[in-house]
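Visitor: To start, I am sharing the structure in question, which I have written as structure tokens.
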Amino acid sequence: MHCSSPKMVCETKIVAEDHESISGSKKDAIIVSSSQMWPSLSGSPSSSAASLSGVEEDFKKDNVYIREFHPSEQEVVRRIFYEGIMERIPNTAFRGLKHHPLIQLLYGILAIICFVVTKSLLLTCCLPIFLMGMRYYFSRKVILSYLECALHTDMSDIENYYMKPPGSCFWVAVLDGNVVGIVAARGNEEDNTLELRRMSVDSNFRGKGIAKALGRKVLEFAMLNNYSSIVLGTTAVKMAAHKLYESLGFKHVGITEHYTLPGMTHSILERMFFQLRYHRYRLQLREE
């Protein structure tokens, strides 16, 4: 199966010192408030420092810390990624419908036609159940195809794809010795940007600020490696994910309607029952 580079990033999301003053490899992490370098991103240094201090206290209380990926964690990382993407199936099928008024109108017309042709109120009332069932079927079909692609590309060999290339990295969030969250970053030398990818947190450990901590680690890495900006793309339907990006300073820069994932056939039925919106975000760290 030929797969293009997956962009269904998860759902994710600032801390650093001058990268030139840090010895060792580029992936050595030193956590410092990013507002000391770019105050405009987070407000005043004092308020940012207080905010970071509060986050650190919460993490200390819950024994959560962020560190680099180890090859022995490949399977648990793949599991967290898999489960996070599987949550997209009902969200895309049902919640996502509200963003597509033309599809809603089409379903309404079908209901009217059903009643006119059959003269049956029962069949007409059953039609929405059938339509939602079809939406779930096609969402599952497309997203499982995407997962197969992702699990056989970068997520099949995280060490070689993210840890070995310069300017890229993969981190895990650890709570009480267990990996509970993941995030990746991959650099692009052509435009000096860093792409935030593959963020996901185990559903049993959400609400602890883990996703935000993972996002901060990526921003720290970008600052240490002198990237000019961080970009990400997401197909997330839940507003919580978008609010998280914005809370970290990302700006929404565009949206692609009817986004295409690997494995999509673009058949009439698929177009009718599966729609995806791709949101693009950017955090500008410095001007080139």
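Every chain in the structure tokens has a letter given in the order shown (A, B, ...), and although residue numbers restart at 1 in each chain, ligands are simply numbered from 1 in the order shown.
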Give me, as an NGL selection string, all polymer residues having an atom no more than 9 Å from region 273-280 of chain A, counting only C-alpha atoms and skipping those fewer than 5 positions away in the same chain.
Guide: :A and (8 or 92-93 or 96-97 or 99-100 or 103 or 131-132 or 134-139 or 142 or 231-237 or 251-261 or 268)
Visitor: Do you know which residues are at most 7 Å from region 157-174 of chain A counting only C-alpha atoms, after dropping those on the same chain fewer than 4 positions away, and could you put them as number ranges by chain?
Guide: A: 64-69, 71, 178-187
Visitor: Neighbours of Glu75 (chain A) within 10 Å (only C-alpha atoms; same-chain residues fewer than 6 positions away dropped), as a list in words?
Guide: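 Answer for this query is Phe81, Met155 and Ser156 of chain A.
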Visitor: Go ahead and write the residues just picked, C-alpha atoms, as a compact mmCIF listing (two decimals), in the first residue's frame.
Guide:
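The resulting file, part_18.txt, is reproduced below:
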```txt
# COMPACT_ATOMS: atom_id res chain seq x y z
CA PHE A 81 -1.75 6.61 18.94
CA MET A 155 4.81 4.87 13.53
CA SER A 156 6.34 1.55 12.51
```
Visitor: Please identify the helix (DSSP H, G or I) residues within region 78-251 of chain A (assignment by DSSP from backbone atoms) and present them as a PyMOL selection string.
Guide: chain A and resi 78-86+88-93+95-99+101-118+121-151+154-156+158-163+203-205+210-224+239-247
Visitor: Pick out the residues sitting within 12 Å of Leu121 (chain A), and hand them over as a VMD selection string; count only C-alpha atoms, and ignore anything fewer than 6 positions along from it in its own chain.
Guide: chain A and resid 111 to 115 127
Visitor: Deliver the residues from the most recent selection as a file, using all heavy atoms, as an mmCIF file, in the first residue's frame.
Guide:
```
data_model
loop_
_atom_site.group_PDB
_atom_site.id
_atom_site.type_symbol
_atom_site.label_atom_id
_atom_site.label_comp_id
_atom_site.auth_asym_id
_atom_site.auth_seq_id
_atom_site.Cartn_x
_atom_site.Cartn_y
_atom_site.Cartn_z
ATOM 1 N N ALA A 111 -35.088 12.685 3.208
ATOM 2 C CA ALA A 111 -36.194 12.334 4.106
ATOM 3 C C ALA A 111 -37.531 12.721 3.482
ATOM 4 O O ALA A 111 -38.510 11.951 3.563
ATOM 5 C CB ALA A 111 -36.008 13.027 5.449
ATOM 6 N N ILE A 112 -37.583 13.894 2.848
ATOM 7 C CA ILE A 112 -38.818 14.331 2.194
ATOM 8 C C ILE A 112 -39.179 13.397 1.047
ATOM 9 O O ILE A 112 -40.345 12.984 0.888
ATOM 10 C CB ILE A 112 -38.668 15.776 1.687
ATOM 11 C CG1 ILE A 112 -38.518 16.734 2.877
ATOM 12 C CG2 ILE A 112 -39.873 16.182 0.827
ATOM 13 C CD1 ILE A 112 -38.181 18.162 2.480
ATOM 14 N N ILE A 113 -38.182 13.046 0.237
ATOM 15 C CA ILE A 113 -38.411 12.135 -0.888
ATOM 16 C C ILE A 113 -38.901 10.781 -0.382
ATOM 17 O O ILE A 113 -39.822 10.179 -0.962
ATOM 18 C CB ILE A 113 -37.119 11.972 -1.718
ATOM 19 C CG1 ILE A 113 -36.767 13.284 -2.416
ATOM 20 C CG2 ILE A 113 -37.274 10.847 -2.736
ATOM 21 C CD1 ILE A 113 -35.442 13.264 -3.131
ATOM 22 N N CYS A 114 -38.289 10.308 0.704
ATOM 23 C CA CYS A 114 -38.692 9.022 1.284
ATOM 24 C C CYS A 114 -40.159 9.039 1.676
ATOM 25 O O CYS A 114 -40.907 8.086 1.402
ATOM 26 C CB CYS A 114 -37.810 8.697 2.483
ATOM 27 S SG CYS A 114 -38.252 7.154 3.336
ATOM 28 N N PHE A 115 -40.600 10.134 2.301
ATOM 29 C CA PHE A 115 -41.995 10.216 2.745
ATOM 30 C C PHE A 115 -42.947 10.320 1.552
ATOM 31 O O PHE A 115 -44.010 9.692 1.528
ATOM 32 C CB PHE A 115 -42.187 11.417 3.662
ATOM 33 C CG PHE A 115 -43.584 11.556 4.184
ATOM 34 C CD1 PHE A 115 -44.060 10.703 5.175
ATOM 35 C CD2 PHE A 115 -44.435 12.530 3.678
ATOM 36 C CE1 PHE A 115 -45.360 10.826 5.652
ATOM 37 C CE2 PHE A 115 -45.729 12.652 4.147
ATOM 38 C CZ PHE A 115 -46.192 11.798 5.141
ATOM 39 N N LEU A 127 -35.122 6.607 8.434
ATOM 40 C CA LEU A 127 -34.088 7.043 7.499
ATOM 41 C C LEU A 127 -32.899 7.712 8.184
ATOM 42 O O LEU A 127 -31.740 7.402 7.846
ATOM 43 C CB LEU A 127 -34.684 7.978 6.442
ATOM 44 C CG LEU A 127 -33.699 8.494 5.392
ATOM 45 C CD1 LEU A 127 -33.136 7.336 4.572
ATOM 46 C CD2 LEU A 127 -34.368 9.533 4.488
#
```
Visitor: Please determine, counting only C-alpha atoms, which residue among A:Arg197, A:Gly209, A:Pro128, A:Tyr146 has the shortest atom-to-atom distance to Phe94 (chain A).
Guide: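 Going through A:Arg197, A:Gly209, A:Pro128, A:Tyr146 one by one, the smallest distance to Phe94 (chain A) is for A:Pro128.
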Visitor: Suppose you want the space between CA of Gly249 (chain A) and CA of Lys208 (chain A); what is it in Å?
Guide: 19.6 Å
Visitor: Could you jot down the CA of Leu175 (chain A) to CA of Ile210 (chain A) separation for me, Å, one decimal place?
Guide: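 Rounded to one decimal, the two atoms are 9.6 Å apart.
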